[in-house]
$ cat query_25.txt   # compact mmCIF, C-alpha atoms
# COMPACT_ATOMS: atom_id res chain seq x y z
CA MET A 1 0.00 0.00 0.00
CA THR A 2 1.52 3.27 -1.11
CA PRO A 3 -0.01 6.67 -1.81
CA ARG A 4 -0.53 5.49 -5.34
CA GLY A 5 -3.64 4.11 -3.71
CA ILE A 6 -4.59 7.65 -2.72
CA ASP A 7 -6.88 9.11 -5.32
CA LEU A 8 -4.84 12.07 -6.50
CA HIS A 9 -6.57 13.02 -9.66
CA GLY A 10 -10.15 11.92 -9.67
CA ASP A 11 -10.66 8.95 -11.89
CA VAL A 12 -7.04 8.68 -12.98
CA THR A 13 -5.17 5.91 -11.23
CA VAL A 14 -1.54 5.11 -11.61
CA ASP A 15 -0.15 1.81 -10.48
CA ARG A 16 3.41 0.64 -10.11
CA LEU A 17 3.38 -1.45 -13.26
CA GLN A 18 2.26 1.43 -15.42
CA LEU A 19 4.81 3.77 -13.92
CA ALA A 20 7.70 1.48 -14.80
CA ASP A 21 7.16 2.32 -18.47
CA GLU A 22 6.95 6.02 -17.80
CA TYR A 23 10.53 6.80 -16.92
CA VAL A 24 11.25 7.89 -20.40
CA ALA A 25 14.29 9.97 -19.70
CA GLU A 26 15.70 7.64 -17.12
CA GLY A 27 16.69 4.09 -17.87
CA ALA A 28 15.36 3.81 -21.42
CA ARG A 29 18.15 3.38 -23.94
CA ALA A 30 17.42 3.93 -27.59
CA ALA A 31 18.58 1.39 -30.17
CA LYS A 32 20.90 2.89 -32.77
CA ASP A 33 18.29 3.17 -35.52
CA VAL A 34 15.61 4.47 -33.15
CA ALA A 35 18.11 7.07 -31.94
CA GLU A 36 18.72 8.21 -35.52
CA TYR A 37 14.98 8.64 -36.03
CA ALA A 38 14.64 10.56 -32.75
CA LEU A 39 17.49 12.77 -33.94
CA TRP A 40 15.64 13.62 -37.16
CA LEU A 41 12.52 14.62 -35.29
CA GLY A 42 14.45 16.36 -32.52
CA ASP A 43 16.40 18.46 -35.02
CA ASP A 44 13.19 19.57 -36.76
CA ALA A 45 11.79 20.83 -33.46
CA LEU A 46 15.05 22.38 -32.27
CA ILE A 47 15.70 24.38 -35.44
CA LEU A 48 12.16 25.75 -35.64
CA ALA A 49 12.24 26.65 -31.92
CA GLN A 50 15.46 28.59 -32.50
CA GLN A 51 13.96 30.41 -35.49
CA LEU A 52 10.81 31.44 -33.63
CA GLY A 53 12.96 32.78 -30.81
CA TYR A 54 14.25 35.47 -33.20
CA TRP A 55 10.78 37.01 -33.19
CA VAL A 56 11.08 38.05 -29.53
CA ALA A 57 10.40 41.79 -29.40
CA HIS A 58 9.94 41.83 -33.20
CA GLY A 59 6.40 40.42 -33.47
CA PRO A 60 3.76 42.58 -35.16
CA GLU A 61 2.06 42.96 -31.78
CA LEU A 62 2.77 42.04 -28.17
CA GLU A 63 0.33 39.12 -28.27
CA GLU A 64 2.25 37.60 -31.15
CA ASP A 65 5.55 37.94 -29.31
CA LEU A 66 3.92 35.90 -26.57
CA ALA A 67 2.42 33.41 -28.99
CA LEU A 68 5.62 32.67 -30.87
CA THR A 69 7.77 32.41 -27.78
CA ASN A 70 5.23 30.09 -26.15
CA ILE A 71 5.21 27.94 -29.27
CA ALA A 72 9.01 28.00 -29.39
CA LEU A 73 9.11 26.84 -25.78
CA ASP A 74 6.86 23.88 -26.54
CA LEU A 75 9.04 22.97 -29.51
CA LEU A 76 12.16 23.26 -27.41
CA GLY A 77 10.52 20.85 -24.96
CA HIS A 78 9.90 18.35 -27.76
CA ALA A 79 13.48 18.80 -29.00
CA ARG A 80 14.94 18.23 -25.54
CA SER A 81 12.95 15.04 -24.97
CA LEU A 82 13.79 13.69 -28.43
CA LEU A 83 17.48 14.62 -28.37
CA ARG A 84 17.92 13.35 -24.83
CA TYR A 85 16.46 10.04 -25.95
CA ALA A 86 18.58 10.01 -29.13
CA GLY A 87 21.68 10.57 -27.03
CA THR A 88 21.07 7.51 -24.86
CA ALA A 89 22.26 5.31 -27.73
CA ASP A 90 25.85 6.51 -27.49
CA GLY A 91 26.07 8.43 -24.23
CA ARG A 92 25.70 11.96 -25.63
CA THR A 93 23.66 14.60 -23.82
CA GLU A 94 21.00 16.84 -25.38
CA ASP A 95 23.53 19.69 -25.19
CA ASP A 96 26.23 17.64 -26.97
CA LEU A 97 23.77 17.08 -29.79
CA ALA A 98 22.46 20.65 -29.97
CA TYR A 99 25.74 22.54 -29.62
CA PHE A 100 28.55 20.27 -30.71
CA ARG A 101 27.45 18.92 -34.05
CA ASP A 102 28.27 20.64 -37.32
CA GLU A 103 25.88 21.51 -40.09
CA HIS A 104 26.28 18.26 -42.05
CA GLU A 105 25.48 16.28 -38.88
CA PHE A 106 22.07 17.90 -38.47
CA ARG A 107 19.11 15.95 -39.83
CA CYS A 108 16.33 18.55 -39.92
CA ALA A 109 14.13 18.81 -43.00
CA TRP A 110 14.43 21.94 -45.13
CA LEU A 111 11.05 23.36 -44.19
CA PHE A 112 12.22 24.04 -40.65
CA GLU A 113 15.41 25.81 -41.71
CA GLN A 114 13.70 28.20 -44.13
CA PRO A 115 14.22 31.79 -42.93
CA ASN A 116 11.61 33.67 -40.91
CA GLY A 117 11.09 36.24 -43.67
CA ASP A 118 8.09 38.45 -43.04
CA TYR A 119 5.24 37.45 -40.76
CA ALA A 120 3.35 35.74 -43.57
CA GLN A 121 6.40 33.59 -44.29
CA THR A 122 6.70 32.61 -40.62
CA MET A 123 2.98 31.81 -40.40
CA ALA A 124 2.94 29.76 -43.59
CA ARG A 125 5.89 27.78 -42.21
CA GLN A 126 3.96 27.36 -38.93
CA LEU A 127 0.90 26.14 -40.83
CA PHE A 128 2.84 23.46 -42.71
CA ALA A 129 5.02 22.49 -39.74
CA SER A 130 2.25 22.16 -37.19
CA THR A 131 -0.10 20.37 -39.60
CA TYR A 132 2.67 17.87 -40.36
CA TRP A 133 3.52 17.46 -36.68
CA PHE A 134 -0.07 16.98 -35.65
CA GLU A 135 -0.42 14.02 -38.03
CA LEU A 136 3.02 12.66 -37.16
CA TYR A 137 2.59 12.80 -33.40
CA SER A 138 -0.97 11.47 -33.60
CA GLY A 139 0.44 8.35 -35.26
CA LEU A 140 3.61 8.17 -33.21
CA GLY A 141 1.58 8.18 -30.00
CA ARG A 142 0.88 4.53 -30.86
CA SER A 143 4.54 3.68 -31.49
CA ALA A 144 5.87 0.34 -30.27
CA ASP A 145 8.70 2.34 -28.69
CA PRO A 146 7.37 3.55 -25.32
CA ALA A 147 9.66 6.59 -25.12
CA LEU A 148 8.69 7.90 -28.55
CA ALA A 149 5.02 7.17 -27.82
CA ALA A 150 5.17 9.15 -24.58
CA ILE A 151 6.90 12.16 -26.14
CA ALA A 152 4.45 12.18 -29.06
CA ALA A 153 1.33 11.80 -26.93
CA LYS A 154 2.33 14.89 -24.99
CA ALA A 155 3.46 16.88 -28.02
CA VAL A 156 0.32 16.27 -30.08
CA LYS A 157 -1.85 18.32 -27.71
CA GLU A 158 0.54 21.24 -28.03
CA VAL A 159 1.00 21.24 -31.80
CA GLU A 160 -2.77 21.12 -32.27
CA TYR A 161 -2.94 24.47 -30.52
CA HIS A 162 -0.08 25.79 -32.68
CA ARG A 163 -1.93 24.66 -35.79
CA ASP A 164 -5.03 26.59 -34.72
CA HIS A 165 -2.93 29.71 -34.36
CA ALA A 166 -1.36 29.31 -37.80
CA VAL A 167 -4.71 28.57 -39.47
CA GLN A 168 -6.19 31.76 -38.04
CA TRP A 169 -3.29 33.83 -39.34
CA THR A 170 -3.46 32.19 -42.76
CA LEU A 171 -7.14 33.11 -43.02
CA ARG A 172 -6.43 36.61 -41.78
CA PHE A 173 -3.65 37.20 -44.29
CA ALA A 174 -5.61 35.71 -47.18
CA GLY A 175 -8.79 37.65 -46.41
CA GLY A 176 -7.13 40.86 -45.26
CA THR A 177 -5.74 43.48 -47.60
CA ASP A 178 -4.35 43.04 -51.10
CA GLU A 179 -0.90 43.38 -49.60
CA SER A 180 -1.43 40.72 -46.91
CA ARG A 181 -2.93 38.36 -49.48
CA THR A 182 0.00 38.88 -51.84
CA ARG A 183 2.38 38.10 -49.02
CA ILE A 184 0.75 34.85 -47.88
CA ILE A 185 0.54 33.64 -51.48
CA ARG A 186 4.23 34.42 -51.95
CA ALA A 187 5.11 32.68 -48.66
CA ILE A 188 3.19 29.54 -49.58
CA GLY A 189 4.88 29.49 -52.98
CA ASP A 190 8.33 29.87 -51.40
CA LEU A 191 7.78 27.04 -48.92
CA TRP A 192 5.79 24.59 -51.01
CA PRO A 193 8.89 23.01 -52.63
CA CYS A 194 10.00 21.87 -49.15
CA ILE A 195 6.80 19.97 -48.36
CA ASP A 196 7.64 16.84 -50.34
CA GLU A 197 10.68 16.06 -48.20
CA LEU A 198 8.54 15.67 -45.06
CA PHE A 199 6.68 12.75 -46.59
CA ARG A 200 9.55 10.97 -48.29
CA ASP A 201 10.09 7.40 -47.11
CA GLU A 202 13.68 6.53 -46.31
CA PRO A 203 15.29 3.13 -45.65
CA LEU A 204 15.40 4.04 -41.95
CA THR A 205 11.71 4.90 -41.71
CA ASP A 206 10.82 1.78 -43.72
CA ALA A 207 12.74 -0.43 -41.31
CA LEU A 208 11.34 1.27 -38.19
CA ALA A 209 7.79 1.41 -39.52
CA ALA A 210 7.93 -2.32 -40.17
CA ARG A 211 8.59 -2.78 -36.44
CA GLY A 212 5.83 -0.35 -35.49
CA VAL A 213 8.34 2.15 -34.10
CA ALA A 214 8.15 4.92 -36.70
CA VAL A 215 5.31 6.31 -38.73
CA ARG A 216 5.85 5.89 -42.46
CA PRO A 217 6.20 9.49 -43.74
CA SER A 218 4.25 8.84 -46.96
CA ALA A 219 1.32 7.55 -44.90
CA LEU A 220 0.90 11.02 -43.35
CA ARG A 221 0.47 12.81 -46.65
CA PRO A 222 -3.28 12.28 -47.26
CA ALA A 223 -4.24 13.65 -43.84
CA PHE A 224 -1.86 16.59 -44.26
CA ASP A 225 -3.31 17.37 -47.69
CA ALA A 226 -6.87 17.17 -46.37
CA VAL A 227 -6.19 19.78 -43.70
CA ILE A 228 -4.22 22.08 -45.98
CA ASP A 229 -6.84 21.79 -48.74
CA ALA A 230 -9.59 22.68 -46.26
CA VAL A 231 -7.68 25.73 -45.03
CA PHE A 232 -6.86 26.79 -48.58
CA ALA A 233 -10.50 26.38 -49.63
CA GLU A 234 -11.63 28.56 -46.73
CA ALA A 235 -8.95 31.15 -47.53
CA GLU A 236 -9.49 30.89 -51.30
CA LEU A 237 -5.88 29.95 -51.82
CA GLU A 238 -4.47 27.38 -54.21
CA ARG A 239 -1.73 24.83 -53.99
CA PRO A 240 1.17 26.38 -55.90
CA ALA A 241 2.29 24.69 -59.07
CA VAL A 242 5.99 24.62 -58.26
CA PRO A 243 8.45 21.71 -58.49
CA TRP A 244 9.88 19.96 -55.43
CA SER A 245 13.22 21.06 -54.05
CA ALA A 246 16.35 18.93 -53.89
CA ALA A 247 16.01 18.93 -50.12
CA GLY A 248 18.21 16.34 -48.43
CA GLY A 249 18.08 17.29 -44.76
CA ARG A 250 17.74 13.70 -43.56
CA HIS A 251 21.11 13.00 -45.19
CA GLY A 252 22.83 16.11 -43.85
CA ARG A 253 22.51 18.21 -47.02
CA HIS A 254 21.16 21.59 -46.01
CA ASP A 255 20.02 24.90 -47.35
CA THR A 256 22.24 27.96 -46.79
CA PRO A 257 20.39 29.53 -43.83
CA LEU A 258 21.08 26.59 -41.49
CA GLY A 259 24.78 27.35 -41.24
CA HIS A 260 24.14 30.91 -40.14
CA LEU A 261 21.53 29.79 -37.65
CA LEU A 262 23.84 27.17 -36.11
CA ALA A 263 26.74 29.60 -35.89
CA GLU A 264 24.65 31.86 -33.70
CA MET A 265 22.94 29.09 -31.73
CA GLN A 266 26.21 27.32 -30.92
CA VAL A 267 28.71 30.13 -30.44
CA LEU A 268 28.31 30.54 -26.69
CA ALA A 269 28.49 26.85 -25.86
CA ARG A 270 31.55 26.41 -28.07
CA ARG A 271 33.37 29.53 -26.99
CA PHE A 272 32.75 28.90 -23.29
CA PRO A 273 32.23 25.15 -22.85
CA GLY A 274 30.27 24.37 -19.71
CA ALA A 275 29.11 27.98 -19.27
CA THR A 276 26.17 28.43 -16.90
CA TRP A 277 24.33 31.50 -15.67
CA MET B 278 6.73 2.14 5.31
CA VAL B 279 3.16 3.33 4.92
CA THR B 280 3.83 5.98 7.57
CA ALA B 281 7.04 7.12 5.88
CA THR B 282 5.30 7.32 2.53
CA ARG B 283 2.40 9.26 3.96
CA ALA B 284 4.76 11.69 5.68
CA ALA B 285 6.78 12.14 2.48
CA TYR B 286 3.61 12.62 0.50
CA GLU B 287 2.45 15.43 2.81
CA VAL B 288 5.79 17.21 2.36
CA ALA B 289 5.88 16.75 -1.42
CA ALA B 290 2.27 17.88 -1.77
CA SER B 291 3.06 21.16 -0.01
CA VAL B 292 5.66 22.24 -2.60
CA CYS B 293 4.33 25.14 -4.67
CA ASP B 294 4.52 25.75 -8.39
CA PRO B 295 7.13 28.49 -8.95
CA GLU B 296 5.14 30.20 -11.72
CA VAL B 297 1.71 30.05 -10.12
CA PRO B 298 2.79 30.07 -6.46
CA VAL B 299 -0.78 30.00 -5.19
CA LEU B 300 -1.01 26.36 -6.31
CA THR B 301 0.79 23.39 -4.87
CA ILE B 302 2.09 20.78 -7.27
CA GLU B 303 -0.66 18.52 -5.93
CA ASP B 304 -3.37 21.09 -6.82
CA LEU B 305 -1.88 21.33 -10.29
CA GLY B 306 -1.77 17.59 -10.90
CA VAL B 307 2.01 17.70 -11.39
CA LEU B 308 2.66 15.42 -8.40
CA ARG B 309 2.08 11.89 -9.60
CA ALA B 310 3.40 9.50 -7.00
CA VAL B 311 5.39 9.31 -3.80
CA ASP B 312 7.03 6.17 -2.54
CA ALA B 313 9.11 6.17 0.63
CA ASP B 314 10.97 3.52 2.55
CA ASP B 315 12.74 4.56 5.74
CA ASP B 316 14.89 7.58 4.75
CA ARG B 317 14.72 6.95 1.01
CA VAL B 318 11.99 8.55 -1.09
CA THR B 319 11.10 8.57 -4.77
CA VAL B 320 8.82 11.30 -6.07
CA THR B 321 7.35 11.21 -9.58
CA ILE B 322 6.29 14.44 -11.23
CA THR B 323 5.01 15.22 -14.71
CA PRO B 324 5.52 18.44 -16.70
CA THR B 325 2.47 20.50 -17.60
CA TYR B 326 3.74 21.46 -21.09
CA SER B 327 6.73 19.81 -22.81
CA GLY B 328 8.92 22.87 -22.46
CA CYS B 329 7.82 23.83 -18.95
CA PRO B 330 10.86 25.55 -17.44
CA ALA B 331 9.52 25.12 -13.91
CA MET B 332 10.37 21.42 -13.69
CA GLU B 333 13.95 21.94 -12.58
CA THR B 334 12.90 24.36 -9.85
CA ILE B 335 10.21 21.97 -8.68
CA ARG B 336 12.75 19.17 -8.60
CA ASP B 337 15.12 21.27 -6.47
CA ASP B 338 12.31 22.39 -4.18
CA LEU B 339 11.23 18.78 -3.65
CA VAL B 340 14.75 17.69 -2.78
CA LEU B 341 15.12 20.60 -0.37
CA ALA B 342 11.77 20.09 1.36
CA LEU B 343 12.17 16.33 1.72
CA THR B 344 15.77 16.61 2.89
CA HIS B 345 14.58 19.08 5.55
CA ALA B 346 11.93 16.58 6.55
CA GLY B 347 14.62 14.01 7.26
CA PHE B 348 14.79 11.96 4.07
CA ALA B 349 18.45 11.39 3.29
CA HIS B 350 17.97 10.04 -0.23
CA VAL B 351 15.55 11.87 -2.47
CA ASP B 352 15.04 10.75 -6.05
CA VAL B 353 12.79 12.88 -8.27
CA ARG B 354 11.66 11.27 -11.50
CA LEU B 355 10.00 12.79 -14.49
CA ALA B 356 7.13 10.93 -16.14
CA LEU B 357 5.77 12.01 -19.52
CA THR B 358 2.85 9.63 -19.81
CA PRO B 359 -0.05 9.75 -19.36
CA ALA B 360 0.27 13.32 -20.64
CA TRP B 361 -0.71 15.98 -18.10
CA THR B 362 -4.15 17.48 -18.38
CA THR B 363 -5.96 20.21 -16.49
CA ASP B 364 -8.59 17.55 -15.72
CA TRP B 365 -6.25 16.53 -12.89
CA MET B 366 -6.41 19.92 -11.21
CA THR B 367 -8.13 19.66 -7.85
CA ASP B 368 -11.28 21.63 -7.05
CA ALA B 369 -9.37 23.26 -4.21
CA GLY B 370 -6.75 24.30 -6.76
CA LYS B 371 -9.37 25.83 -9.05
CA GLU B 372 -10.82 27.82 -6.18
CA LYS B 373 -7.35 29.06 -5.17
CA LEU B 374 -6.71 30.16 -8.75
CA ARG B 375 -9.97 32.07 -8.92
CA ARG B 376 -9.26 33.88 -5.66
CA PHE B 377 -5.76 34.69 -6.96
CA GLY B 378 -7.33 36.40 -10.01
CA ILE B 379 -6.77 33.66 -12.59
CA ALA B 380 -9.86 32.15 -14.22
CA PRO B 381 -9.58 28.37 -13.74
CA PRO B 382 -10.01 25.85 -16.59
CA THR B 383 -13.61 25.60 -17.75
CA GLY B 384 -14.80 22.08 -18.38
CA LYS B 385 -12.74 18.98 -19.02
CA ALA B 386 -10.21 18.35 -21.76
CA ALA B 387 -11.51 14.79 -21.96
CA HIS B 388 -14.90 16.13 -23.06
CA ARG B 389 -13.42 18.15 -25.91
CA ARG B 390 -12.37 15.19 -28.03
CA GLY B 391 -14.40 14.74 -31.15
CA PRO B 392 -15.28 16.63 -34.27
CA ILE B 393 -17.07 19.54 -32.58
CA PRO B 394 -14.88 21.17 -29.95
CA LEU B 395 -16.93 22.99 -27.36
CA SER B 396 -15.40 25.82 -25.38
CA LEU B 397 -17.29 27.04 -22.34
CA ALA B 398 -17.50 30.70 -21.44
CA VAL B 399 -14.82 31.94 -19.08
CA ARG B 400 -16.04 33.66 -15.94
CA CYS B 401 -14.25 36.86 -14.85
CA PRO B 402 -12.43 36.03 -11.60
CA ARG B 403 -13.01 39.57 -10.33
CA CYS B 404 -16.66 40.42 -10.97
CA GLY B 405 -18.02 36.99 -11.90
CA SER B 406 -19.41 38.10 -15.27
CA LEU B 407 -19.50 35.69 -18.19
CA ALA B 408 -19.19 38.62 -20.61
CA THR B 409 -15.49 38.10 -21.26
CA ARG B 410 -13.40 37.88 -24.40
CA GLU B 411 -10.13 36.30 -25.39
CA VAL B 412 -7.43 38.88 -26.08
CA SER B 413 -4.68 36.42 -26.87
CA ARG B 414 -4.59 32.64 -26.98
CA PHE B 415 -1.14 32.79 -25.43
CA GLY B 416 -0.19 34.40 -22.15
CA SER B 417 2.60 34.89 -19.65
CA THR B 418 3.14 31.13 -19.31
CA SER B 419 2.33 28.18 -21.59
CA CYS B 420 -0.67 27.20 -19.50
CA LYS B 421 -2.50 30.54 -19.69
CA ALA B 422 -4.40 32.66 -22.21
CA HIS B 423 -5.06 36.38 -21.91
CA TYR B 424 -8.66 37.56 -21.42
CA GLU B 425 -10.54 40.71 -20.58
CA CYS B 426 -13.89 41.25 -18.93
CA THR B 427 -16.29 43.43 -20.90
CA ALA B 428 -18.38 44.06 -17.75
CA CYS B 429 -15.75 45.30 -15.28
CA LEU B 430 -13.15 45.99 -18.00
CA GLU B 431 -10.37 44.24 -16.07
CA PRO B 432 -7.83 42.09 -17.93
CA PHE B 433 -7.10 38.67 -16.46
CA ASP B 434 -5.32 35.38 -17.10
CA HIS B 435 -7.25 32.22 -17.92
CA PHE B 436 -5.76 28.81 -17.17
CA LYS B 437 -6.48 26.99 -20.44
CA VAL B 438 -8.21 23.64 -20.64
CA HIS B 439 -5.48 21.30 -21.83
$ encode --input "query_25.txt" --output "structure tokens"
Amino acid sequence: MTPRGIDLHGDVTVDRLQLADEYVAEGARAAKDVAEYALWLGDDALILAQQLGYWVAHGPELEEDLALTNIALDLLGHARSLLRYAGTADGRTEDDLAYFRDEHEFRCAWLFEQPNGDYAQTMARQLFASTYWFELYSGLGRSADPALAAIAAKAVKEVEYHRDHAVQWTLRFAGGTDESRTRIIRAIGDLWPCIDELFRDEPLTDALAARGVAVRPSALRPAFDAVIDAVFAEAELERPAVPWSAAGGRHGRHDTPLGHLLAEMQVLARRFPGATW
Amino acid sequence: MVTATRAAYEVAASVCDPEVPVLTIEDLGVLRAVDADDDRVTVTITPTYSGCPAMETIRDDLVLALTHAGFAHVDVRLALTPAWTTDWMTDAGKEKLRRFGIAPPTGKAAHRRGPIPLSLAVRCPRCGSLATREVSRFGSTSCKAHYECTACLEPFDHFKVH
């Protein structure tokens, strides 16, 4: 008899057996291929969190400063959980992975490393990113890997809220002034070439999906398209007719802006290793 | 062992959330389990949002409080699943929030699943009016949105249903 018998939270009960699976950060050690997958997803979240942080004090209004920094904080939380788990495979910490890898060692997809641009560009990127993540984490919540399932089940509630925010801004831009509409159309056109990469199956995802660990990227595409098409229909926008990019983020081939971003993100940790404040 | 666990639980349950100090971590639903044996205690907590920066402070506060209470070995563990929800907030916690000037969560997250999300009106914690409006879906912390009352004209924080 322990206080787990005490009814802490109404009808939610937690027993010892269930808790044993919960210690995601402690004890669980990722297999090498699972760690690689966690690294891909962790890098996506980390890079977008860093980008959104640049909007602090530069948002179009105070409420948007708050919104983007709150979203960035959630993404940083996802990145920390995923990178911490990825690091268990070879004894690296989340900080080792964030600050002491070079550009070609990052595995983020190109969408997340596209520059902030104007607010329409940032919101279009948010729309695509959070719509993708919502579908990904919804599926990954049922992963055969308990650590990934736990991280995803928590993250999905947060990215759903982020998606709401981005949808509202997309509608506002599209239905606002001629200028705002021009800008969201331009932003969607700029980012659209990066969408294909998110849904590209790779040997790693094939192998992990076969074991029920990963979600097959291509399987997420129909749900993503359905949401985007619905938003575009409401906003009277169209899918741009532009070709796919040569994006190769999962293989360490990146677009130019990532190097600049990493240089700034990593400089302190590299210049003063172990610095705390 | 039961006595030690109960004593440890009382101590752990009295630790306050650093960002909403009017609530204990028990009120908030962050405290998940306490298990003590002699002078060794394991406390399990869960973050509210993934990036919640309060977890490290809560961990330190738990270690401090339990060490003071005579537990020589304190182990604080972080559990991610089941994911935290405001449905776990105690009624006492909601009342404390309201008196502190923060509108507590309205309704249950578990009831909002499904194709038609239903949001209940948020009552102004100052004048009690339901004539309030959302100013911003994001607030000073991840768990809050920014509202204003159109009756008494006061702005206030609303603890979001999550």
$ interface_residues --input "query_25.txt" --of "chain B" --to "chain A" --cutoff "8 Å" --atoms "all atoms listed in the file" --output "PyMOL selection string"
chain B and resi 279+282-283+286+303+306+309-312+326-329+354-361+364-367+413-419+439
$ write_last_selection --input "query_25.txt" --atoms "C-alpha atoms" --output "JSON list (two decimals), in the frame of the given file"
[["chain", "number", "residue", "atom", "x", "y", "z"],
["B", 279, "VAL", "CA", 3.16, 3.33, 4.92],
["B", 282, "THR", "CA", 5.30, 7.32, 2.53],
["B", 283, "ARG", "CA", 2.40, 9.26, 3.96],
["B", 286, "TYR", "CA", 3.61, 12.62, 0.50],
["B", 303, "GLU", "CA", -0.66, 18.52, -5.93],
["B", 306, "GLY", "CA", -1.77, 17.59, -10.90],
["B", 309, "ARG", "CA", 2.08, 11.89, -9.60],
["B", 310, "ALA", "CA", 3.40, 9.50, -7.00],
["B", 311, "VAL", "CA", 5.39, 9.31, -3.80],
["B", 312, "ASP", "CA", 7.03, 6.17, -2.54],
["B", 326, "TYR", "CA", 3.74, 21.46, -21.09],
["B", 327, "SER", "CA", 6.73, 19.81, -22.81],
["B", 328, "GLY", "CA", 8.92, 22.87, -22.46],
["B", 329, "CYS", "CA", 7.82, 23.83, -18.95],
["B", 354, "ARG", "CA", 11.66, 11.27, -11.50],
["B", 355, "LEU", "CA", 10.00, 12.79, -14.49],
["B", 356, "ALA", "CA", 7.13, 10.93, -16.14],
["B", 357, "LEU", "CA", 5.77, 12.01, -19.52],
["B", 358, "THR", "CA", 2.85, 9.63, -19.81],
["B", 359, "PRO", "CA", -0.05, 9.75, -19.36],
["B", 360, "ALA", "CA", 0.27, 13.32, -20.64],
["B", 361, "TRP", "CA", -0.71, 15.98, -18.10],
["B", 364, "ASP", "CA", -8.59, 17.55, -15.72],
["B", 365, "TRP", "CA", -6.25, 16.53, -12.89],
["B", 366, "MET", "CA", -6.41, 19.92, -11.21],
["B", 367, "THR", "CA", -8.13, 19.66, -7.85],
["B", 413, "SER", "CA", -4.68, 36.42, -26.87],
["B", 414, "ARG", "CA", -4.59, 32.64, -26.98],
["B", 415, "PHE", "CA", -1.14, 32.79, -25.43],
["B", 416, "GLY", "CA", -0.19, 34.40, -22.15],
["B", 417, "SER", "CA", 2.60, 34.89, -19.65],
["B", 418, "THR", "CA", 3.14, 31.13, -19.31],
["B", 419, "SER", "CA", 2.33, 28.18, -21.59],
["B", 439, "HIS", "CA", -5.48, 21.30, -21.83]]
$ atom_distance --input "query_25.txt" --atom1 "atom CA of B:His350" --atom2 "atom CA of B:Ala285"
11.7 Å
$ residues_near_point --input "query_25.txt" --point "(23.4, 18.8, -39.4)" --cutoff "8 Å" --atoms "all atoms listed in the file" --output "ChimeraX atom specification"
/A:101-108,249,252-254
$ residues_around --input "query_25.txt" --residues "stretch 333-346 of chain B" --least-positions-apart "6" --cutoff "7 Å" --atoms "all atoms listed in the file" --output "tab-separated table (two decimals) with C-alpha atoms, in the coordinates of the input"
chain	number	residue	atom	x	y	z
B	285	ALA	CA	6.78	12.14	2.48
B	288	VAL	CA	5.79	17.21	2.36
B	289	ALA	CA	5.88	16.75	-1.42
B	292	VAL	CA	5.66	22.24	-2.60
B	294	ASP	CA	4.52	25.75	-8.39
B	353	VAL	CA	12.79	12.88	-8.27
$ residues_around --input "query_25.txt" --residues "A:Pro222" --least-positions-apart "2" --cutoff "12 Å" --atoms "all atoms listed in the file" --output "PDB file with C-alpha atoms, in the coordinates of the input"
ATOM      1  CA  THR A 131      -0.100  20.370 -39.600  1.00  0.00           C
ATOM      2  CA  TYR A 132       2.670  17.870 -40.360  1.00  0.00           C
ATOM      3  CA  GLU A 135      -0.420  14.020 -38.030  1.00  0.00           C
ATOM      4  CA  LEU A 136       3.020  12.660 -37.160  1.00  0.00           C
ATOM      5  CA  PHE A 199       6.680  12.750 -46.590  1.00  0.00           C
ATOM      6  CA  PRO A 217       6.200   9.490 -43.740  1.00  0.00           C
ATOM      7  CA  SER A 218       4.250   8.840 -46.960  1.00  0.00           C
ATOM      8  CA  ALA A 219       1.320   7.550 -44.900  1.00  0.00           C
ATOM      9  CA  LEU A 220       0.900  11.020 -43.350  1.00  0.00           C
ATOM     10  CA  PHE A 224      -1.860  16.590 -44.260  1.00  0.00           C
ATOM     11  CA  ASP A 225      -3.310  17.370 -47.690  1.00  0.00           C
ATOM     12  CA  ALA A 226      -6.870  17.170 -46.370  1.00  0.00           C
ATOM     13  CA  VAL A 227      -6.190  19.780 -43.700  1.00  0.00           C
ATOM     14  CA  ILE A 228      -4.220  22.080 -45.980  1.00  0.00           C
ATOM     15  CA  ASP A 229      -6.840  21.790 -48.740  1.00  0.00           C
TER      16      ASP A 229
END
$ residues_around --input "query_25.txt" --residues "B:Phe436" --least-positions-apart "6" --cutoff "7 Å" --atoms "only C-alpha atoms" --output "list of chain:residue names"
B:Ile379, B:Ala380, B:Pro381, B:Pro382, B:Cys420, B:Lys421, B:Ala422
$ residues_around --input "query_25.txt" --residues "A:Glu113" --least-positions-apart "4" --cutoff "9 Å" --atoms "only C-alpha atoms" --output "ChimeraX atom specification"
/A:44,47-48,51,108-109,254-258,261
$ axis_aligned_box --input "query_25.txt" --around "stretch 418-437 of chain B" --padding-each-side "8 Å" --output "lines of an AutoDock Vina configuration file"
center_x = -7.6
center_y = 36.5
center_z = -18.7
size_x = 37.5
size_y = 35.0
size_z = 22.9
$ atom_distance --input "query_25.txt" --atom1 "atom CA of B:Leu374" --atom2 "atom CA of B:Thr409"
17.2 Å
$ residues_around --input "query_25.txt" --residues "stretch 299-301 of chain B" --least-positions-apart "6" --cutoff "8 Å" --atoms "all atoms listed in the file" --output "PyMOL selection string"
chain B and resi 290-293+370+373-374+377
$ atom_distance --input "query_25.txt" --atom1 "atom CA of A:Tyr85" --atom2 "atom CA of A:Ala98"
12.8 Å
$ closest_residue --input "query_25.txt" --among "A:Ala230, A:Val215, A:Ala124, A:Val267" --to "A:Arg186" --atoms "all atoms listed in the file"
A:Ala124
$ closest_residue --input "query_25.txt" --among "A:His251, A:Arg142, A:Arg183, A:His260" --to "A:Gly212" --atoms "all atoms listed in the file"
A:Arg142
$ residues_near_point --input "query_25.txt" --point "(-14.8, 47.8, -14.6)" --cutoff "12 Å" --atoms "only C-alpha atoms" --output "list in words"
Cys401, Arg403, Cys404, Gly405, Ser406, Ala408, Thr409, Glu425, Cys426, Thr427, Ala428, Cys429, Leu430, Glu431 and Pro432 of chain B
